[in-house]
>>> print(open('structure31.cif').read())   # mmCIF, C-alpha atoms
data_data
#
loop_
_atom_site.group_PDB
_atom_site.id
_atom_site.type_symbol
_atom_site.label_atom_id
_atom_site.label_comp_id
_atom_site.auth_asym_id
_atom_site.auth_seq_id
_atom_site.Cartn_x
_atom_site.Cartn_y
_atom_site.Cartn_z
ATOM 1 C CA PRO H 1 -9.631 11.187 1.565
ATOM 2 C CA GLY H 2 -7.139 8.329 1.148
ATOM 3 C CA HIS H 3 -5.908 5.900 3.811
ATOM 4 C CA ALA H 4 -9.383 5.697 5.329
ATOM 5 C CA ARG H 5 -9.744 1.942 5.660
ATOM 6 C CA SER H 6 -9.938 2.159 9.458
ATOM 7 C CA TRP H 7 -12.910 4.535 9.179
ATOM 8 C CA GLY H 8 -14.867 1.599 7.782
ATOM 9 C CA ALA H 9 -14.618 -0.145 11.148
ATOM 10 C CA GLY H 10 -16.749 2.682 12.537
ATOM 11 C CA ASN H 11 -19.154 2.788 9.632
ATOM 12 C CA GLN H 12 -18.697 0.756 6.440
ATOM 13 C CA SER H 13 -20.703 3.304 4.411
ATOM 14 C CA TRP H 14 -18.007 5.943 4.992
ATOM 15 C CA ILE H 15 -15.457 4.181 2.762
ATOM 16 C CA LEU H 16 -15.430 2.783 -0.749
ATOM 17 C CA THR H 17 -14.645 -0.777 -1.656
ATOM 18 C CA CYS H 18 -13.187 -1.233 -5.103
ATOM 19 C CA PRO H 19 -13.042 -4.874 -6.217
ATOM 20 C CA ARG H 20 -11.485 -4.247 -9.650
ATOM 21 C CA TRP H 21 -8.811 -1.982 -8.214
ATOM 22 C CA HIS H 22 -8.082 -4.438 -5.371
ATOM 23 C CA ALA H 23 -7.695 -7.325 -7.814
ATOM 24 C CA LYS H 24 -4.954 -5.408 -9.640
ATOM 25 C CA ARG H 25 -3.109 -4.725 -6.377
ATOM 26 C CA LYS H 26 -3.102 -8.279 -5.024
ATOM 27 C CA ASN H 27 0.414 -9.539 -4.336
ATOM 28 C CA LEU H 28 1.975 -6.126 -5.001
ATOM 29 C CA GLY H 29 2.612 -5.507 -1.339
ATOM 30 C CA VAL H 30 4.993 -6.741 1.261
ATOM 31 C CA LYS H 31 5.619 -10.527 1.509
ATOM 32 C CA GLY H 32 3.130 -11.401 -1.225
ATOM 33 C CA GLU H 33 0.256 -9.869 0.689
ATOM 34 C CA TYR H 34 -1.274 -6.541 -0.164
ATOM 35 C CA THR H 35 -2.072 -3.425 1.689
ATOM 36 C CA VAL H 36 -5.251 -1.725 0.665
ATOM 37 C CA ASN H 37 -5.613 2.021 0.830
ATOM 38 C CA LEU H 38 -9.367 2.540 0.814
ATOM 39 C CA PRO H 39 -10.652 6.086 0.298
ATOM 40 C CA LEU H 40 -13.464 7.897 2.018
ATOM 41 C CA ASP H 41 -16.720 7.930 0.067
ATOM 42 C CA ILE H 42 -16.426 11.588 -0.930
ATOM 43 C CA GLY H 43 -19.926 11.508 -2.402
ATOM 44 C CA ASN H 44 -21.504 10.600 0.932
ATOM 45 C CA LYS H 45 -22.663 13.786 2.691
ATOM 46 C CA GLU H 46 -22.563 11.963 6.040
ATOM 47 C CA VAL H 47 -18.794 11.651 5.508
ATOM 48 C CA TRP H 48 -18.578 15.407 4.975
ATOM 49 C CA LYS H 49 -20.412 15.975 8.273
ATOM 50 C CA VAL H 50 -18.132 13.569 10.139
ATOM 51 C CA VAL H 51 -15.042 15.270 8.664
ATOM 52 C CA ALA H 52 -16.391 18.711 9.611
ATOM 53 C CA ASP H 53 -17.154 17.505 13.147
ATOM 54 C CA MET H 54 -13.705 15.934 13.481
ATOM 55 C CA ILE H 55 -11.937 19.094 12.286
ATOM 56 C CA GLY H 56 -14.020 21.177 14.696
ATOM 57 C CA GLU H 57 -13.338 18.910 17.655
ATOM 58 C CA LEU H 58 -9.603 18.618 17.026
ATOM 59 C CA ALA H 59 -9.318 22.361 16.350
ATOM 60 C CA SER H 60 -10.862 23.022 19.760
ATOM 61 C CA ILE H 61 -8.378 20.705 21.497
ATOM 62 C CA PHE H 62 -5.145 21.703 19.752
ATOM 63 C CA PRO H 63 -4.269 25.413 19.610
ATOM 64 C CA ASP H 64 -1.711 24.973 16.810
ATOM 65 C CA PRO H 65 -2.299 27.127 13.731
ATOM 66 C CA TRP H 66 -1.602 24.164 11.404
ATOM 67 C CA PHE H 67 -3.745 21.093 10.799
ATOM 68 C CA HIS H 68 -2.446 18.106 8.787
ATOM 69 C CA VAL H 69 -5.191 16.719 6.570
ATOM 70 C CA GLY H 70 -3.228 14.309 4.391
ATOM 71 C CA PHE H 71 -4.397 14.049 0.784
ATOM 72 C CA ASP H 72 -1.593 11.609 -0.007
ATOM 73 C CA GLU H 73 -1.917 8.476 -2.098
ATOM 74 C CA VAL H 74 -5.585 9.065 -2.916
ATOM 75 C CA PRO H 75 -6.500 5.991 -5.005
ATOM 76 C CA GLN H 76 -7.894 7.711 -8.096
ATOM 77 C CA GLU H 77 -8.670 4.437 -9.869
ATOM 78 C CA CYS H 78 -10.750 3.283 -6.910
ATOM 79 C CA LEU H 79 -12.662 6.578 -6.890
ATOM 80 C CA ARG H 80 -13.299 6.256 -10.642
ATOM 81 C CA GLU H 81 -14.826 2.805 -10.040
ATOM 82 C CA HIS H 82 -17.574 4.696 -8.203
ATOM 83 C CA GLY H 83 -17.904 7.471 -10.779
ATOM 84 C CA TYR H 84 -15.877 10.059 -8.855
ATOM 85 C CA GLY H 85 -13.505 12.207 -10.901
ATOM 86 C CA SER H 86 -11.248 15.176 -10.302
ATOM 87 C CA SER H 87 -14.193 17.554 -9.835
ATOM 88 C CA HIS H 88 -15.397 15.468 -6.880
ATOM 89 C CA ILE H 89 -11.946 15.445 -5.288
ATOM 90 C CA GLN H 90 -11.644 19.200 -5.827
ATOM 91 C CA ALA H 91 -15.030 19.797 -4.210
ATOM 92 C CA PHE H 92 -14.024 17.711 -1.193
ATOM 93 C CA ALA H 93 -10.659 19.496 -0.916
ATOM 94 C CA ARG H 94 -12.395 22.884 -1.132
ATOM 95 C CA PHE H 95 -14.809 21.801 1.610
ATOM 96 C CA VAL H 96 -11.933 20.676 3.868
ATOM 97 C CA ASP H 97 -10.104 23.973 3.298
ATOM 98 C CA LYS H 98 -13.205 26.015 4.182
ATOM 99 C CA GLU H 99 -13.695 23.963 7.349
ATOM 100 C CA LEU H 100 -10.077 24.566 8.360
ATOM 101 C CA GLU H 101 -10.422 28.271 7.625
ATOM 102 C CA SER H 102 -13.586 28.508 9.732
ATOM 103 C CA HIS H 103 -11.526 27.261 12.701
ATOM 104 C CA GLY H 104 -8.535 29.492 11.995
ATOM 105 C CA LYS H 105 -6.349 26.623 10.802
ATOM 106 C CA THR H 106 -3.914 26.373 7.908
ATOM 107 C CA GLY H 107 -3.894 23.007 6.145
ATOM 108 C CA VAL H 108 -0.790 20.864 5.797
ATOM 109 C CA TYR H 109 -1.009 18.523 2.805
ATOM 110 C CA TRP H 110 1.270 15.792 1.504
ATOM 111 C CA GLU H 111 2.840 16.662 -1.841
ATOM 112 C CA ASP H 112 0.891 14.052 -3.839
ATOM 113 C CA ASN H 113 -1.909 16.455 -4.733
ATOM 114 C CA LEU H 114 0.111 19.672 -4.846
ATOM 115 C CA HIS H 115 -1.516 21.005 -8.027
ATOM 116 C CA LEU H 116 -5.044 20.069 -6.932
ATOM 117 C CA ILE H 117 -4.561 21.764 -3.565
ATOM 118 C CA HIS H 118 -3.016 24.807 -5.232
ATOM 119 C CA LYS H 119 -6.039 25.012 -7.517
ATOM 120 C CA VAL H 120 -8.692 24.855 -4.781
ATOM 121 C CA VAL H 121 -7.029 26.766 -1.935
ATOM 122 C CA GLU H 122 -7.275 30.364 -3.096
ATOM 123 C CA ASP H 123 -4.445 31.703 -0.911
ATOM 124 C CA PRO H 124 -1.258 29.588 -1.151
ATOM 125 C CA SER H 125 -0.204 30.718 2.318
ATOM 126 C CA ARG H 126 -3.176 28.683 3.611
ATOM 127 C CA ALA H 127 -1.760 25.389 2.285
ATOM 128 C CA ILE H 128 1.592 24.090 3.487
ATOM 129 C CA ILE H 129 3.038 21.263 1.412
ATOM 130 C CA GLN H 130 4.875 18.425 3.143
ATOM 131 C CA CYS H 131 7.311 16.907 0.650
ATOM 132 C CA TRP H 132 8.086 13.254 1.218
ATOM 133 C CA LYS H 133 9.094 11.689 -2.100
ATOM 134 C CA GLY H 134 9.562 14.174 -4.946
ATOM 135 C CA GLY H 135 12.899 15.576 -3.874
ATOM 136 C CA PRO H 136 14.200 19.117 -4.324
ATOM 137 C CA LYS H 137 12.206 19.520 -7.539
ATOM 138 C CA THR H 138 8.915 19.203 -5.629
ATOM 139 C CA VAL H 139 10.056 21.579 -2.889
ATOM 140 C CA ARG H 140 11.008 24.184 -5.510
ATOM 141 C CA GLU H 141 7.730 23.713 -7.410
ATOM 142 C CA ALA H 142 5.596 24.103 -4.281
ATOM 143 C CA GLN H 143 7.506 27.238 -3.316
ATOM 144 C CA ARG H 144 7.262 28.614 -6.862
ATOM 145 C CA LEU H 145 3.481 28.308 -6.458
ATOM 146 C CA GLY H 146 3.702 30.277 -3.185
ATOM 147 C CA HIS H 147 3.384 27.431 -0.664
ATOM 148 C CA MET H 148 5.513 27.038 2.437
ATOM 149 C CA THR H 149 7.135 23.604 2.557
ATOM 150 C CA ILE H 150 8.142 20.994 5.089
ATOM 151 C CA GLN H 151 10.660 18.374 3.995
ATOM 152 C CA SER H 152 10.314 14.754 5.087
ATOM 153 C CA GLU H 153 11.973 12.894 2.226
ATOM 154 C CA GLY H 154 14.921 11.001 3.659
ATOM 155 C CA TRP H 155 13.730 11.738 7.189
ATOM 156 C CA TYR H 156 11.966 8.434 7.895
ATOM 157 C CA PHE H 157 13.530 7.094 11.061
ATOM 158 C CA ASP H 158 12.640 3.509 10.223
ATOM 159 C CA PHE H 159 13.643 3.786 6.579
ATOM 160 C CA GLY H 160 16.945 5.334 5.621
ATOM 161 C CA CYS H 161 18.106 6.838 8.897
ATOM 162 C CA ARG H 162 17.873 5.647 12.482
ATOM 163 C CA ASN H 163 18.190 8.958 14.319
ATOM 164 C CA ALA H 164 18.287 12.700 13.688
ATOM 165 C CA HIS H 165 22.090 12.706 13.474
ATOM 166 C CA ASP H 166 22.015 10.153 10.627
ATOM 167 C CA CYS H 167 19.366 12.163 8.821
ATOM 168 C CA TYR H 168 21.319 15.430 9.099
ATOM 169 C CA LYS H 169 24.475 13.672 7.962
ATOM 170 C CA ASN H 170 22.978 11.748 5.032
ATOM 171 C CA VAL H 171 20.115 13.844 3.674
ATOM 172 C CA LYS H 172 20.426 17.082 1.781
ATOM 173 C CA TYR H 173 17.943 19.651 3.016
ATOM 174 C CA THR H 174 16.395 21.726 0.246
ATOM 175 C CA ALA H 175 16.178 25.202 1.706
ATOM 176 C CA GLY H 176 14.263 28.011 0.093
ATOM 177 C CA PRO H 177 12.551 31.249 1.032
ATOM 178 C CA LEU H 178 9.367 29.412 2.038
ATOM 179 C CA SER H 179 11.032 26.447 3.783
ATOM 180 C CA ILE H 180 9.754 25.804 7.287
ATOM 181 C CA GLY H 181 12.127 22.936 8.058
ATOM 182 C CA VAL H 182 12.032 19.175 8.303
ATOM 183 C CA VAL H 183 9.800 16.679 10.053
ATOM 184 C CA GLY H 184 11.125 13.239 10.874
ATOM 185 C CA CYS H 185 8.557 10.533 10.231
ATOM 186 C CA ALA H 186 8.265 6.840 10.968
ATOM 187 C CA TRP H 187 6.070 4.176 9.473
ATOM 188 C CA GLU H 188 4.122 2.308 12.105
ATOM 189 C CA MET H 189 5.102 -1.074 10.795
ATOM 190 C CA SER H 190 8.261 -2.458 9.315
ATOM 191 C CA GLU H 191 8.364 -4.841 6.393
ATOM 192 C CA SER H 192 8.924 -7.765 8.774
ATOM 193 C CA GLU H 193 5.800 -6.855 10.757
ATOM 194 C CA CYS H 194 3.505 -6.203 7.799
ATOM 195 C CA THR H 195 0.360 -8.211 7.296
ATOM 196 C CA SER H 196 -2.687 -7.434 5.186
ATOM 197 C CA LYS H 197 -3.535 -4.152 6.794
ATOM 198 C CA GLU H 198 -3.211 -0.560 5.768
#
>>> encode(input="structure31.cif", output="structure tokens")
Amino acid sequence: PGHARSWGAGNQSWILTCPRWHAKRKNLGVKGEYTVNLPLDIGNKEVWKVVADMIGELASIFPDPWFHVGFDEVPQECLREHGYGSSHIQAFARFVDKELESHGKTGVYWEDNLHLIHKVVEDPSRAIIQCWKGGPKTVREAQRLGHMTIQSEGWYFDFGCRNAHDCYKNVKYTAGPLSIGVVGCAWEMSESECTSKE
């Protein structure tokens, strides 16, 4: 439900605005500006319908068994400004998992909410954890909980390595019995290109 600022361009009621949280973040970003990660309004049932429709449509287009749904950097403080706590996030995560399951998809989630996802997805084989910042410790923890893992930490082509050869040479891969492999990622903007946008 995080990183949903662009959804607000379609319908402002789908996202939350959080003035107190924004005020604290001003000037914390790149070049004295700030990037704002606005979350979906997880209490808005219209949002749930849009998410269900989107999952259904994308599931019908892409035959892959996996479906990346994010759940990274969910701004908890912003959600709390609107009275949403962990039970609301859990309910939304449970809803997303059931939607994925109804379309025969396994969710891929960023590591940020590993324990929340583990709590709400009853079968750990139905939630793959993509590790991007917690290092080998996070990979081992996710696997200990029964989740397959994908490693991306150190595999950002615009941050740390410029090509796959550099990544292989410079980054230690944390293998384990439930390791799927690595996924190279790239941010869409570099620090020099960043303006006040998510």
>>> closest_residue(input="structure31.cif", among="H:Pro75, H:His103, H:Ile15, H:Gly8", to="Asp53 of chain H", atoms="only C-alpha atoms")
H:His103
>>> residues_around(input="structure31.cif", residues="Gly43 of chain H", least_positions_apart="4", cutoff="12 Å", atoms="only C-alpha atoms", output="ChimeraX atom specification")
/H:1,13-16,39,47-49,79-80,82-85,87-92
>>> closest_residue(input="structure31.cif", among="H:Ile128, H:Glu46, H:Val182, H:Arg5", to="Ala164 of chain H", atoms="all atoms listed in the file")
H:Val182
>>> atom_distance(input="structure31.cif", atom1="atom CA of Ala4 of chain H", atom2="atom CA of Trp110 of chain H")
15.2 Å
>>> atom_distance(input="structure31.cif", atom1="atom CA of Lys119 of chain H", atom2="atom CA of Gly104 of chain H")
20.2 Å
>>> atom_distance(input="structure31.cif", atom1="atom CA of Val74 of chain H", atom2="atom CA of Gly154 of chain H")
21.6 Å
>>> residues_around(input="structure31.cif", residues="Gln143 of chain H", least_positions_apart="6", cutoff="9 Å", atoms="all atoms listed in the file", output="ChimeraX atom specification")
/H:129,149,176-179
>>> residues_around(input="structure31.cif", residues="segment 58-64 of chain H", least_positions_apart="5", cutoff="12 Å", atoms="all atoms listed in the file", output="PyMOL selection string")
chain H and resi 51-53+69+99-108
>>> residues_around(input="structure31.cif", residues="Glu153 of chain H", least_positions_apart="2", cutoff="6 Å", atoms="all atoms listed in the file", output="list in words")
Trp132, Lys133, Gln151 and Trp155 of chain H
>>> closest_residue(input="structure31.cif", among="H:Trp7, H:Leu114, H:Tyr109, H:Ser125", to="Phe67 of chain H", atoms="only C-alpha atoms")
H:Tyr109
>>> resolve_selection(input="structure31.cif", expression="the PyMOL selection byres ((chain H and resi 117) around 9)", output="PyMOL selection string")
chain H and resi 71+90+93-94+109+113-116+118-121+124+127
>>> closest_residue(input="structure31.cif", among="H:Pro136, H:Gln130, H:Trp66, H:Phe95", to="Lys45 of chain H", atoms="all atoms listed in the file")
H:Phe95
>>> closest_residue(input="structure31.cif", among="H:Gly10, H:Gly70, H:Gly56, H:Gly2", to="Leu40 of chain H", atoms="only C-alpha atoms")
H:Gly2
>>> closest_residue(input="structure31.cif", among="H:Asn37, H:Gln12, H:Arg20, H:Glu111", to="Glu141 of chain H", atoms="all atoms listed in the file")
H:Glu111
>>> build_atoms(input="structure31.cif", residues="segment 50-61 of chain H", atoms="all heavy atoms", output="CSV table (one decimal), keeping the file's coordinate frame")
chain,number,residue,atom,x,y,z
H,50,VAL,N,-19.1,14.2,9.2
H,50,VAL,CA,-18.1,13.6,10.1
H,50,VAL,C,-16.8,14.3,10.1
H,50,VAL,O,-16.2,14.6,11.1
H,50,VAL,CB,-18.0,12.1,9.9
H,50,VAL,CG1,-16.8,11.5,10.7
H,50,VAL,CG2,-19.3,11.3,10.2
H,51,VAL,N,-16.3,14.6,8.8
H,51,VAL,CA,-15.0,15.3,8.7
H,51,VAL,C,-15.1,16.7,9.3
H,51,VAL,O,-14.2,17.1,10.0
H,51,VAL,CB,-14.6,15.3,7.2
H,51,VAL,CG1,-13.5,16.3,6.9
H,51,VAL,CG2,-14.3,13.9,6.7
H,52,ALA,N,-16.2,17.4,9.0
H,52,ALA,CA,-16.4,18.7,9.6
H,52,ALA,C,-16.4,18.6,11.1
H,52,ALA,O,-15.7,19.5,11.8
H,52,ALA,CB,-17.7,19.3,9.1
H,53,ASP,N,-17.1,17.7,11.7
H,53,ASP,CA,-17.2,17.5,13.1
H,53,ASP,C,-15.8,17.2,13.7
H,53,ASP,O,-15.4,17.7,14.8
H,53,ASP,CB,-18.1,16.4,13.5
H,53,ASP,CG,-19.6,16.8,13.3
H,53,ASP,OD1,-19.9,18.0,13.1
H,53,ASP,OD2,-20.5,15.9,13.4
H,54,MET,N,-15.0,16.3,13.0
H,54,MET,CA,-13.7,15.9,13.5
H,54,MET,C,-12.8,17.1,13.5
H,54,MET,O,-12.0,17.4,14.4
H,54,MET,CB,-13.1,14.8,12.6
H,54,MET,CG,-11.8,14.3,13.1
H,54,MET,SD,-11.0,13.3,11.9
H,54,MET,CE,-10.6,14.4,10.6
H,55,ILE,N,-12.8,17.9,12.4
H,55,ILE,CA,-11.9,19.1,12.3
H,55,ILE,C,-12.3,20.1,13.4
H,55,ILE,O,-11.4,20.6,14.1
H,55,ILE,CB,-12.1,19.8,10.9
H,55,ILE,CG1,-11.4,18.9,9.8
H,55,ILE,CG2,-11.4,21.2,10.9
H,55,ILE,CD1,-11.6,19.4,8.4
H,56,GLY,N,-13.6,20.3,13.6
H,56,GLY,CA,-14.0,21.2,14.7
H,56,GLY,C,-13.6,20.7,16.1
H,56,GLY,O,-13.1,21.5,16.9
H,57,GLU,N,-13.7,19.4,16.3
H,57,GLU,CA,-13.3,18.9,17.7
H,57,GLU,C,-11.8,19.0,17.9
H,57,GLU,O,-11.4,19.5,18.9
H,57,GLU,CB,-13.8,17.5,17.8
H,57,GLU,CG,-13.5,16.9,19.2
H,57,GLU,CD,-14.1,15.5,19.4
H,57,GLU,OE1,-15.0,15.1,18.7
H,57,GLU,OE2,-13.6,14.8,20.3
H,58,LEU,N,-11.1,18.6,16.9
H,58,LEU,CA,-9.6,18.6,17.0
H,58,LEU,C,-9.1,20.1,17.1
H,58,LEU,O,-8.1,20.4,17.8
H,58,LEU,CB,-8.9,17.8,15.9
H,58,LEU,CG,-9.1,16.3,15.9
H,58,LEU,CD1,-8.6,15.7,14.7
H,58,LEU,CD2,-8.5,15.7,17.2
H,59,ALA,N,-9.7,20.9,16.3
H,59,ALA,CA,-9.3,22.4,16.4
H,59,ALA,C,-9.6,23.0,17.7
H,59,ALA,O,-8.8,23.8,18.2
H,59,ALA,CB,-10.1,23.1,15.3
H,60,SER,N,-10.6,22.5,18.4
H,60,SER,CA,-10.9,23.0,19.8
H,60,SER,C,-9.9,22.5,20.8
H,60,SER,O,-9.7,23.1,21.9
H,60,SER,CB,-12.3,22.7,20.2
H,60,SER,OG,-12.5,21.3,20.5
H,61,ILE,N,-9.3,21.3,20.5
H,61,ILE,CA,-8.4,20.7,21.5
H,61,ILE,C,-6.9,21.2,21.3
H,61,ILE,O,-6.2,21.5,22.3
H,61,ILE,CB,-8.4,19.2,21.3
H,61,ILE,CG1,-9.8,18.6,21.7
H,61,ILE,CG2,-7.3,18.5,22.2
H,61,ILE,CD1,-10.0,17.2,21.3
